[in-house]
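Structure file protein26.txt with compact mmCIF, C-alpha atoms:
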# COMPACT_ATOMS: atom_id res chain seq x y z
CA MET D 1 101.45 105.66 120.62
CA ASN D 2 98.14 104.10 119.58
CA VAL D 3 97.39 100.49 120.47
CA ILE D 4 95.81 98.24 117.84
CA SER D 5 95.03 94.55 117.63
CA PRO D 6 95.90 93.37 114.13
CA GLN D 7 94.86 89.93 112.98
CA THR D 8 97.63 87.33 112.80
CA ILE D 9 97.71 84.63 110.15
CA PRO D 10 98.48 81.21 111.71
CA PHE D 11 102.16 80.35 111.39
CA GLU D 12 102.84 77.37 109.11
CA PRO D 13 106.56 76.81 108.44
CA ALA D 14 105.88 74.60 105.41
CA ARG D 15 103.41 76.99 103.77
CA PHE D 16 105.69 77.61 100.76
CA ARG D 17 107.33 74.19 100.59
CA SER D 18 106.49 73.47 96.93
CA THR D 19 106.87 76.99 95.55
CA ALA D 20 110.61 77.75 95.45
CA GLU D 21 111.22 76.85 91.80
CA PHE D 22 108.26 78.99 90.70
CA TYR D 23 108.96 81.90 93.04
CA SER D 24 112.39 82.71 91.64
CA ARG D 25 111.24 82.51 88.05
CA TYR D 26 107.75 83.97 88.01
CA ARG D 27 107.32 86.53 90.80
CA VAL D 28 107.57 90.20 89.81
CA PRO D 29 111.23 91.20 90.32
CA TYR D 30 112.20 94.08 92.58
CA PRO D 31 113.71 96.93 90.49
CA GLU D 32 117.42 97.37 91.16
CA SER D 33 117.02 101.15 91.03
CA LEU D 34 114.40 101.02 93.80
CA ILE D 35 116.67 98.95 96.02
CA ALA D 36 119.57 101.31 95.36
CA ASP D 37 117.45 104.33 96.28
CA VAL D 38 116.31 102.66 99.50
CA ALA D 39 119.92 101.87 100.39
CA GLN D 40 120.85 105.50 99.82
CA ARG D 41 117.91 106.80 101.87
CA ILE D 42 118.80 104.70 104.91
CA ASP D 43 122.49 105.45 104.43
CA LEU D 44 123.42 101.81 103.97
CA ARG D 45 127.17 101.47 103.59
CA PRO D 46 129.42 98.59 102.53
CA GLY D 47 129.86 96.23 105.46
CA ASP D 48 126.60 97.18 107.17
CA ARG D 49 124.49 94.26 108.37
CA VAL D 50 121.09 93.60 106.79
CA LEU D 51 118.54 90.96 107.76
CA ASP D 52 116.21 89.70 105.05
CA LEU D 53 113.34 88.27 107.08
CA GLY D 54 111.24 85.71 105.22
CA CYS D 55 113.77 85.82 102.40
CA GLY D 56 112.28 83.17 100.13
CA PRO D 57 114.79 82.45 97.35
CA GLY D 58 116.66 85.61 98.32
CA PRO D 59 116.10 88.29 95.65
CA LEU D 60 116.32 91.11 98.17
CA ALA D 61 119.16 89.50 100.08
CA ILE D 62 121.19 89.10 96.90
CA ALA D 63 120.45 92.66 95.77
CA PHE D 64 121.61 94.16 99.06
CA ALA D 65 124.68 91.91 99.11
CA ARG D 66 125.58 93.27 95.68
CA LEU D 67 125.59 96.71 97.26
CA GLY D 68 128.19 95.53 99.76
CA ALA D 69 125.99 94.75 102.74
CA ARG D 70 126.62 91.73 104.96
CA VAL D 71 123.30 89.98 104.61
CA THR D 72 121.67 87.38 106.81
CA ALA D 73 118.79 85.71 104.95
CA MET D 74 116.22 83.88 107.08
CA ASP D 75 113.33 81.67 106.03
CA PRO D 76 111.53 78.73 107.65
CA GLU D 77 111.45 76.72 104.42
CA PRO D 78 114.63 74.73 103.58
CA SER D 79 113.87 74.59 99.84
CA MET D 80 113.72 78.39 99.76
CA LEU D 81 117.12 78.59 101.42
CA ASP D 82 118.49 76.07 98.91
CA ALA D 83 117.22 78.30 96.09
CA ALA D 84 118.73 81.37 97.76
CA ARG D 85 122.06 79.59 98.11
CA ALA D 86 122.08 78.62 94.42
CA ASP D 87 121.02 82.08 93.23
CA ALA D 88 123.59 83.79 95.45
CA SER D 89 126.32 81.56 94.08
CA TRP D 90 125.26 82.38 90.54
CA ALA D 91 125.25 86.10 91.42
CA GLY D 92 128.71 85.84 93.00
CA VAL D 93 127.70 87.09 96.45
CA GLU D 94 127.81 85.60 99.93
CA LEU D 95 124.81 85.27 102.23
CA THR D 96 124.50 83.96 105.76
CA LEU D 97 121.51 81.61 105.47
CA VAL D 98 119.47 80.78 108.56
CA GLN D 99 116.48 78.49 108.80
CA GLY D 100 114.05 80.29 111.07
CA SER D 101 111.28 82.84 111.25
CA SER D 102 110.12 85.98 113.01
CA TYR D 103 108.91 83.74 115.84
CA GLY D 104 112.49 82.84 116.76
CA LEU D 105 114.20 86.21 116.43
CA ASP D 106 114.55 87.01 120.12
CA ASN D 107 118.02 85.49 120.37
CA PRO D 108 121.19 87.50 121.14
CA VAL D 109 123.14 85.38 118.65
CA PHE D 110 121.68 87.39 115.77
CA GLY D 111 123.19 90.64 116.99
CA ARG D 112 122.21 94.03 115.57
CA PHE D 113 121.39 95.14 112.06
CA ARG D 114 121.46 98.39 110.15
CA ALA D 115 118.26 97.40 108.36
CA VAL D 116 115.70 94.63 108.30
CA VAL D 117 114.01 94.12 104.94
CA MET D 118 111.00 92.00 104.08
CA GLY D 119 109.57 91.17 100.70
CA ARG D 120 105.92 90.07 100.66
CA SER D 121 106.40 88.34 104.01
CA PHE D 122 105.26 90.71 106.79
CA HIS D 123 101.63 89.59 106.56
CA TRP D 124 102.61 86.05 107.60
CA MET D 125 104.00 87.27 110.94
CA ASP D 126 102.69 88.40 114.27
CA ARG D 127 103.38 91.93 113.14
CA GLN D 128 103.25 93.74 116.48
CA ALA D 129 105.45 91.19 118.22
CA THR D 130 107.90 91.17 115.32
CA LEU D 131 108.31 94.94 115.39
CA ALA D 132 108.79 94.90 119.16
CA THR D 133 111.60 92.39 118.74
CA LEU D 134 113.13 94.31 115.84
CA ASP D 135 113.21 97.42 118.03
CA ARG D 136 115.84 95.60 120.07
CA MET D 137 117.74 94.36 117.00
CA VAL D 138 117.86 97.34 114.64
CA ASP D 139 120.46 100.09 115.14
CA PRO D 140 119.04 103.26 116.72
CA ASP D 141 119.27 105.04 113.36
CA GLY D 142 118.39 101.97 111.33
CA ALA D 143 115.25 101.04 109.41
CA VAL D 144 112.66 98.39 108.69
CA VAL D 145 111.74 98.25 105.01
CA LEU D 146 108.78 96.39 103.51
CA PHE D 147 109.00 95.61 99.79
CA GLY D 148 106.03 94.58 97.70
CA ASP D 149 104.11 95.23 94.53
CA ARG D 150 100.58 95.82 93.34
CA GLN D 151 99.06 95.33 89.95
CA ILE D 152 97.48 98.57 88.75
CA PHE D 153 95.79 97.10 85.70
CA ALA D 154 96.11 94.30 83.17
CA MET D 155 95.30 94.06 79.45
CA PRO D 156 93.31 92.04 78.68
CA ASP D 157 92.11 91.86 82.27
CA TRP D 158 93.00 88.27 83.10
CA ARG D 159 92.76 88.73 86.88
CA PRO D 160 89.10 87.59 87.17
CA VAL D 161 90.00 84.36 85.40
CA LEU D 162 92.77 83.65 87.89
CA GLU D 163 90.53 84.62 90.80
CA LEU D 164 87.65 82.38 89.75
CA THR D 165 89.92 79.44 89.00
CA THR D 166 91.60 79.87 92.39
CA GLU D 167 88.25 79.86 94.18
CA ARG D 168 87.23 76.66 92.40
CA HIS D 169 90.35 74.71 93.34
CA ALA D 170 92.27 76.21 96.29
CA GLY D 171 90.14 74.84 99.11
CA PRO D 172 91.00 75.64 102.76
CA ARG D 173 93.89 77.97 101.87
CA LEU D 174 91.33 80.54 100.77
CA GLU D 175 90.54 81.21 104.43
CA ASP D 176 93.91 82.85 105.12
CA ARG D 177 93.79 84.82 101.88
CA ASN D 178 90.28 86.07 102.57
CA ARG D 179 91.28 87.05 106.10
CA ARG D 180 93.98 89.33 104.73
CA ARG D 181 91.52 90.85 102.26
CA SER D 182 88.83 91.52 104.83
CA THR D 183 88.08 94.99 106.20
CA GLU D 184 89.03 93.71 109.65
CA TYR D 185 92.63 93.07 108.64
CA VAL D 186 94.74 96.02 109.80
CA PRO D 187 97.00 97.43 107.06
CA HIS D 188 100.77 97.29 107.51
CA GLU D 189 100.91 101.08 107.66
CA ALA D 190 98.63 101.16 110.70
CA VAL D 191 100.66 98.48 112.45
CA LEU D 192 103.86 100.42 111.81
CA LEU D 193 102.34 103.71 112.93
CA ALA D 194 101.56 102.08 116.28
CA SER D 195 105.14 100.76 116.61
CA PRO D 196 108.52 102.33 117.39
CA PHE D 197 109.09 102.46 113.61
CA HIS D 198 106.34 104.98 112.95
CA ARG D 199 108.06 107.47 110.62
CA LEU D 200 106.94 106.16 107.26
CA GLU D 201 108.15 106.97 103.76
CA ARG D 202 107.28 105.25 100.50
CA MET D 203 109.29 104.82 97.33
CA GLY D 204 108.06 103.18 94.17
CA ARG D 205 108.53 102.34 90.53
CA VAL D 206 105.77 101.84 87.97
CA MET D 207 106.50 99.59 85.02
CA GLU D 208 104.69 97.85 82.19
CA ARG D 209 105.43 94.15 81.77
CA ARG D 210 104.56 91.88 78.87
CA ILE D 211 104.01 88.34 80.04
CA ASP D 212 102.48 85.15 78.69
CA ILE D 213 100.13 82.44 79.90
CA ASP D 214 102.95 80.35 81.37
CA ASP D 215 104.03 83.36 83.44
CA VAL D 216 100.57 83.65 85.01
CA ILE D 217 100.41 79.91 85.74
CA GLY D 218 103.92 79.92 87.20
CA ARG D 219 103.08 82.89 89.40
CA ALA D 220 99.99 81.07 90.63
CA PHE D 221 102.10 78.07 91.59
CA SER D 222 104.44 80.41 93.52
CA ARG D 223 101.60 81.50 95.84
CA SER D 224 100.70 79.54 98.94
CA VAL D 225 96.99 79.60 98.07
CA THR D 226 97.60 77.80 94.76
CA SER D 227 100.93 76.09 95.35
CA PRO D 228 101.37 72.57 93.96
CA ALA D 229 101.23 71.22 97.52
CA THR D 230 98.02 73.12 98.27
CA LEU D 231 96.32 72.06 95.04
CA GLY D 232 97.41 68.43 95.36
CA MET D 233 95.31 66.30 93.04
CA GLU D 234 93.58 69.47 91.83
CA ARG D 235 96.77 70.81 90.26
CA GLU D 236 96.18 69.45 86.78
CA ALA D 237 92.54 70.56 86.70
CA PHE D 238 93.53 74.00 88.00
CA GLU D 239 96.20 74.45 85.33
CA LEU D 240 93.99 73.21 82.50
CA GLU D 241 91.11 75.48 83.49
CA LEU D 242 93.36 78.50 84.00
CA ARG D 243 95.20 77.93 80.72
CA ALA D 244 91.95 77.62 78.80
CA GLY D 245 90.49 80.75 80.37
CA LEU D 246 93.59 82.80 79.63
CA ALA D 247 93.80 81.50 76.05
CA ALA D 248 90.20 82.56 75.46
CA LEU D 249 91.10 86.10 76.58
CA ALA D 250 94.39 86.30 74.70
CA PRO D 251 94.51 83.90 71.72
CA ASP D 252 98.00 85.13 70.86
CA GLY D 253 99.15 84.34 74.39
CA VAL D 254 100.34 87.91 75.04
CA LEU D 255 99.28 89.59 78.28
CA THR D 256 100.23 92.98 79.70
CA GLU D 257 100.27 94.26 83.25
CA VAL D 258 101.23 97.54 84.86
CA ILE D 259 102.91 96.99 88.21
CA GLU D 260 103.93 99.37 90.97
CA SER D 261 106.84 98.03 92.99
CA GLN D 262 106.98 99.68 96.40
CA ALA D 263 109.27 100.06 99.38
CA LEU D 264 107.76 101.23 102.65
CA ILE D 265 110.57 102.62 104.80
CA ALA D 266 109.89 102.71 108.55
CA LEU D 267 112.13 104.73 110.83
CA ARG D 268 112.04 105.66 114.48
CA ASP D 269 111.14 109.18 115.57
CA ARG D 270 114.72 110.36 115.94
CA GLN D 271 117.29 112.22 113.90
CA SER D 272 117.50 111.27 110.26
CA PRO D 273 119.79 108.28 109.67
CA ILE D 274 122.38 110.29 107.74
CA ALA D 275 122.56 113.08 110.31
CA LEU D 276 122.93 110.69 113.22
CA ARG D 277 125.65 108.62 111.57
CA ASP D 278 127.68 111.67 110.66
CA THR D 279 127.70 112.88 114.26
CA PRO D 280 131.19 112.36 115.81
Represent the structure of the file as structure tokens.
Amino acid sequence: MNVISPQTIPFEPARFRSTAEFYSRYRVPYPESLIADVAQRIDLRPGDRVLDLGCGPGPLAIAFARLGARVTAMDPEPSMLDAARADASWAGVELTLVQGSSYGLDNPVFGRFRAVVMGRSFHWMDRQATLATLDRMVDPDGAVVLFGDRQIFAMPDWRPVLELTTERHAGPRLEDRNRRRSTEYVPHEAVLLASPFHRLERMGRVMERRIDIDDVIGRAFSRSVTSPATLGMEREAFELELRAGLAALAPDGVLTEVIESQALIALRDRQSPIALRDTP
């Protein structure tokens, strides 16, 4: 197994404190069909335990609970857990909500899980240490699954407007973002390949989404780099500048983006999950 030294973003429990209301409403949703296919691939059955690590307002946790899993949803931010609790109640599912992070996982009280899922959260962790801990927590034939999305293109291309406006107003938070974008930042795939979970598979869905200017602004407020707390007194100026720039690009207020939602499934180098579970 290769040894690598990935960069670690400094842990800040309150990083997303002011984003919960925007996250639930404006982040790109995970396709239900993708989640169902992942559950089938890892042979997730009703009653199996799933940990949603860095759950935010719980979209993944709720989706897996709908499939019959017993889900523990963990996040360091109380307002995110409040949002997850409200959304789970609305969805009619039960979650076990835990305030905590990957830095406090090494505790026998959590027990074992069939799968650990993460949505846009792995980059905030000490990735090597987290995977080493999860190796002790995930069933021998279980999986770690990273969910995320990437924008393939946008029409009109409003991304440079958002980027420039962010750089004008975001301040010190840009340092962490730029660290993750640098060539020195080791991709998740490389970190996983150097871990016990080094059998990698990817599933995805590509979709076109029509959004408006408020959607882009709300998504910006859901990010740590341009959260209301990060922007502080710059929030109004940021929103005004971003709104004006987007309106100049799209006077009718209609924007389009093509998104690929992805699930990176990481398994150990053993029998396939289905084969192992079916063994008497």
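The gap separating CA of Ile42 (chain D) from CA of Glu208 (chain D) is 27.6 Å, in Å to one decimal.
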Counting all atoms listed in the file, give me one row per residue of region 197-256 of chain D with an atom at most 9 Å from an atom of region 136-153 of chain D, showing the shortest contact pair and its distance in Å to one decimal, sorted by chain then residue number, as CSV.
residue,atom,partner,partner_atom,distance
D:Phe197,CA,D:Val144,CA,7.3
D:Gly204,CA,D:Asp149,CA,8.9
D:Val206,CA,D:Ile152,CA,8.9
D:Thr256,CA,D:Phe153,CA,8.5
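Our summary of the geometry notes that CA of Thr72 (chain D) is positioned 27.1 Å from CA of Ala190 (chain D).
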Inset, instruction - Please identify all polymer residues within 6 Å of Gly218 (chain D), counting only C-alpha atoms, omitting same-chain residues fewer than 4 positions from it, and present them as an NGL selection string. - result: :D and (22 or 26 or 214)
Inset, instruction - Counting only C-alpha atoms, find the residues whose atoms lie at most 12 Å from (119.5, 76.6, 101.8) (file coordinates) and write them out as a ChimeraX atom specification. - result: /D:20,55-58,73-89,95-100
Legend entry - Computed interatomic separation between CA of Glu163 (chain D) and CA of Pro31 (chain D) (Å): 26.2 Å
Legend entry - Proximity to Asp215 (chain D) - best of D:Ser24, D:Asn107, D:Ser121, D:Gln128, only C-alpha atoms: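 Answer, going by the shortest atom-to-atom distance: D:Ser24.
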For a cut-off of 12 Å around (97.0, 70.8, 92.1), file coordinates, pick out all residues using all atoms listed in the file and list them as a compact mmCIF listing (two decimals) with C-alpha atoms, in the frame of the given file.
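That gives us point-v1.txt:
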# COMPACT_ATOMS: atom_id res chain seq x y z
CA SER D 18 106.49 73.47 96.93
CA THR D 165 89.92 79.44 89.00
CA THR D 166 91.60 79.87 92.39
CA ARG D 168 87.23 76.66 92.40
CA HIS D 169 90.35 74.71 93.34
CA ALA D 170 92.27 76.21 96.29
CA GLY D 171 90.14 74.84 99.11
CA ILE D 217 100.41 79.91 85.74
CA ALA D 220 99.99 81.07 90.63
CA PHE D 221 102.10 78.07 91.59
CA SER D 224 100.70 79.54 98.94
CA VAL D 225 96.99 79.60 98.07
CA THR D 226 97.60 77.80 94.76
CA SER D 227 100.93 76.09 95.35
CA PRO D 228 101.37 72.57 93.96
CA ALA D 229 101.23 71.22 97.52
CA THR D 230 98.02 73.12 98.27
CA LEU D 231 96.32 72.06 95.04
CA GLY D 232 97.41 68.43 95.36
CA MET D 233 95.31 66.30 93.04
CA GLU D 234 93.58 69.47 91.83
CA ARG D 235 96.77 70.81 90.26
CA GLU D 236 96.18 69.45 86.78
CA ALA D 237 92.54 70.56 86.70
CA PHE D 238 93.53 74.00 88.00
CA GLU D 239 96.20 74.45 85.33
CA LEU D 240 93.99 73.21 82.50
CA GLU D 241 91.11 75.48 83.49
CA LEU D 242 93.36 78.50 84.00
Legend entry - Among the residues D:Leu105, D:Ala244, D:Ala14, D:Leu264, the one that comes closest to Gly119 (chain D) [using only C-alpha atoms]: D:Leu264
Inset, instruction - Rank nothing, just name the residue among D:Pro46, D:Pro187, D:Gly104, D:Gly245 nearest to Phe11 (chain D), using all atoms listed in the file. - result: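 Comparing D:Pro46, D:Pro187, D:Gly104, D:Gly245 against Phe11 (chain D), the winner is D:Gly104.
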Legend entry - Neighbour list for Val186 (chain D) as a VMD selection string, cut-off 12 Å, only C-alpha atoms, skip fewer than 3 positions in-chain: chain D and resid 3 to 9 123 126 to 128 179 to 183 189 to 194
Written selection (C-alpha atoms) as a short mmCIF file (atom, residue, chain, number, x, y, z; two decimals), in the coordinates of the input:
data_model
loop_
_atom_site.label_atom_id
_atom_site.label_comp_id
_atom_site.auth_asym_id
_atom_site.auth_seq_id
_atom_site.Cartn_x
_atom_site.Cartn_y
_atom_site.Cartn_z
CA VAL D 3 97.39 100.49 120.47
CA ILE D 4 95.81 98.24 117.84
CA SER D 5 95.03 94.55 117.63
CA PRO D 6 95.90 93.37 114.13
CA GLN D 7 94.86 89.93 112.98
CA THR D 8 97.63 87.33 112.80
CA ILE D 9 97.71 84.63 110.15
CA HIS D 123 101.63 89.59 106.56
CA ASP D 126 102.69 88.40 114.27
CA ARG D 127 103.38 91.93 113.14
CA GLN D 128 103.25 93.74 116.48
CA ARG D 179 91.28 87.05 106.10
CA ARG D 180 93.98 89.33 104.73
CA ARG D 181 91.52 90.85 102.26
CA SER D 182 88.83 91.52 104.83
CA THR D 183 88.08 94.99 106.20
CA GLU D 189 100.91 101.08 107.66
CA ALA D 190 98.63 101.16 110.70
CA VAL D 191 100.66 98.48 112.45
CA LEU D 192 103.86 100.42 111.81
CA LEU D 193 102.34 103.71 112.93
CA ALA D 194 101.56 102.08 116.28
#
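In this comparison, which uses all atoms listed in the file, the residue of D:Ala266, D:Val93, D:Ile211, D:Leu131 approaching Arg70 (chain D) most closely is D:Val93.
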List as an mmCIF file with C-alpha atoms, in the coordinates of the input the protein and nucleic acid residues near Arg45 (chain D), meaning an atom at most 9 Å away when only C-alpha atoms are counted, but skip any in the same chain fewer than 5 places from it.
data_model
loop_
_atom_site.group_PDB
_atom_site.id
_atom_site.type_symbol
_atom_site.label_atom_id
_atom_site.label_comp_id
_atom_site.auth_asym_id
_atom_site.auth_seq_id
_atom_site.Cartn_x
_atom_site.Cartn_y
_atom_site.Cartn_z
ATOM 1 C CA ALA D 39 119.920 101.870 100.390
ATOM 2 C CA GLN D 40 120.850 105.500 99.820
ATOM 3 C CA LEU D 67 125.590 96.710 97.260
ATOM 4 C CA GLY D 68 128.190 95.530 99.760
ATOM 5 C CA ALA D 69 125.990 94.750 102.740
#
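Here the question is which of D:Pro59, D:Gly47, D:Gly253, D:Pro156 gets nearest to Met118 (chain D) using all atoms listed in the file, and that residue is D:Pro59.
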Legend entry - Best match for closeness to Glu175 (chain D) among D:Gln262, D:Pro10, D:Ser102, D:Pro196, counting all atoms listed in the file: D:Pro10
Restricted to all heavy atoms, what does region 101-112 of chain D look like when written out as an mmCIF file, in the first residue's frame?
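File written: result16.cif
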data_model
loop_
_atom_site.group_PDB
_atom_site.id
_atom_site.type_symbol
_atom_site.label_atom_id
_atom_site.label_comp_id
_atom_site.auth_asym_id
_atom_site.auth_seq_id
_atom_site.Cartn_x
_atom_site.Cartn_y
_atom_site.Cartn_z
ATOM 1 N N SER D 101 -17.704 14.989 15.047
ATOM 2 C CA SER D 101 -17.000 15.048 13.779
ATOM 3 C C SER D 101 -16.102 13.834 13.617
ATOM 4 O O SER D 101 -16.010 12.971 14.508
ATOM 5 C CB SER D 101 -16.148 16.319 13.708
ATOM 6 O OG SER D 101 -14.998 16.183 14.543
ATOM 7 N N SER D 102 -15.406 13.779 12.508
ATOM 8 C CA SER D 102 -14.477 12.682 12.248
ATOM 9 C C SER D 102 -13.358 12.632 13.282
ATOM 10 O O SER D 102 -12.736 11.589 13.473
ATOM 11 C CB SER D 102 -13.874 12.836 10.846
ATOM 12 O OG SER D 102 -13.169 14.060 10.733
ATOM 13 N N TYR D 103 -13.122 13.751 13.967
ATOM 14 C CA TYR D 103 -12.046 13.803 14.954
ATOM 15 C C TYR D 103 -12.446 13.157 16.281
ATOM 16 O O TYR D 103 -11.608 13.015 17.172
ATOM 17 C CB TYR D 103 -11.609 15.252 15.182
ATOM 18 C CG TYR D 103 -10.908 15.832 13.968
ATOM 19 C CD1 TYR D 103 -11.630 16.468 12.967
ATOM 20 C CD2 TYR D 103 -9.535 15.722 13.804
ATOM 21 C CE1 TYR D 103 -10.999 16.978 11.839
ATOM 22 C CE2 TYR D 103 -8.893 16.227 12.689
ATOM 23 C CZ TYR D 103 -9.638 16.861 11.704
ATOM 24 O OH TYR D 103 -9.018 17.360 10.581
ATOM 25 N N GLY D 104 -13.702 12.761 16.418
ATOM 26 C CA GLY D 104 -14.136 12.108 17.646
ATOM 27 C C GLY D 104 -14.772 10.753 17.404
ATOM 28 O O GLY D 104 -15.560 10.279 18.226
ATOM 29 N N LEU D 105 -14.424 10.125 16.293
ATOM 30 C CA LEU D 105 -15.056 8.861 15.919
ATOM 31 C C LEU D 105 -14.538 7.665 16.699
ATOM 32 O O LEU D 105 -15.243 6.657 16.821
ATOM 33 C CB LEU D 105 -14.828 8.586 14.431
ATOM 34 C CG LEU D 105 -15.773 9.243 13.433
ATOM 35 C CD1 LEU D 105 -15.344 8.883 12.021
ATOM 36 C CD2 LEU D 105 -17.216 8.824 13.675
ATOM 37 N N ASP D 106 -13.320 7.733 17.183
ATOM 38 C CA ASP D 106 -12.673 6.556 17.777
ATOM 39 C C ASP D 106 -13.243 6.290 19.169
ATOM 40 O O ASP D 106 -12.571 6.431 20.182
ATOM 41 C CB ASP D 106 -11.163 6.760 17.841
ATOM 42 C CG ASP D 106 -10.411 5.432 17.902
ATOM 43 O OD1 ASP D 106 -11.081 4.384 17.869
ATOM 44 O OD2 ASP D 106 -9.175 5.463 17.982
ATOM 45 N N ASN D 107 -14.522 5.890 19.171
ATOM 46 C CA ASN D 107 -15.241 5.653 20.424
ATOM 47 C C ASN D 107 -16.108 4.413 20.251
ATOM 48 O O ASN D 107 -16.942 4.368 19.340
ATOM 49 C CB ASN D 107 -16.115 6.874 20.758
ATOM 50 C CG ASN D 107 -16.747 6.784 22.132
ATOM 51 O OD1 ASN D 107 -17.052 5.698 22.630
ATOM 52 N ND2 ASN D 107 -16.975 7.927 22.744
ATOM 53 N N PRO D 108 -15.924 3.386 21.074
ATOM 54 C CA PRO D 108 -16.681 2.136 20.905
ATOM 55 C C PRO D 108 -18.189 2.320 20.954
ATOM 56 O O PRO D 108 -18.927 1.451 20.467
ATOM 57 C CB PRO D 108 -16.199 1.275 22.077
ATOM 58 C CG PRO D 108 -14.903 1.873 22.507
ATOM 59 C CD PRO D 108 -14.990 3.338 22.202
ATOM 60 N N VAL D 109 -18.666 3.425 21.514
ATOM 61 C CA VAL D 109 -20.098 3.623 21.644
ATOM 62 C C VAL D 109 -20.793 3.673 20.291
ATOM 63 O O VAL D 109 -21.981 3.347 20.170
ATOM 64 C CB VAL D 109 -20.403 4.917 22.450
ATOM 65 C CG1 VAL D 109 -20.058 6.159 21.638
ATOM 66 C CG2 VAL D 109 -21.865 4.951 22.882
ATOM 67 N N PHE D 110 -20.056 4.052 19.235
ATOM 68 C CA PHE D 110 -20.683 4.163 17.924
ATOM 69 C C PHE D 110 -20.950 2.804 17.293
ATOM 70 O O PHE D 110 -21.813 2.671 16.431
ATOM 71 C CB PHE D 110 -19.811 5.007 16.984
ATOM 72 C CG PHE D 110 -19.707 6.445 17.397
ATOM 73 C CD1 PHE D 110 -18.463 7.017 17.642
ATOM 74 C CD2 PHE D 110 -20.836 7.215 17.555
ATOM 75 C CE1 PHE D 110 -18.365 8.338 18.036
ATOM 76 C CE2 PHE D 110 -20.752 8.540 17.948
ATOM 77 C CZ PHE D 110 -19.510 9.105 18.188
ATOM 78 N N GLY D 111 -20.220 1.785 17.689
ATOM 79 C CA GLY D 111 -20.434 0.463 17.135
ATOM 80 C C GLY D 111 -19.964 0.356 15.698
ATOM 81 O O GLY D 111 -19.119 1.114 15.234
ATOM 82 N N ARG D 112 -20.557 -0.600 14.961
ATOM 83 C CA ARG D 112 -20.155 -0.870 13.581
ATOM 84 C C ARG D 112 -21.257 -0.475 12.611
ATOM 85 O O ARG D 112 -22.433 -0.444 12.978
ATOM 86 C CB ARG D 112 -19.785 -2.349 13.401
ATOM 87 C CG ARG D 112 -18.624 -2.799 14.275
ATOM 88 C CD ARG D 112 -18.205 -4.207 13.949
ATOM 89 N NE ARG D 112 -17.606 -4.294 12.619
ATOM 90 C CZ ARG D 112 -16.311 -4.066 12.375
ATOM 91 N NH1 ARG D 112 -15.492 -3.735 13.360
ATOM 92 N NH2 ARG D 112 -15.833 -4.175 11.159
#
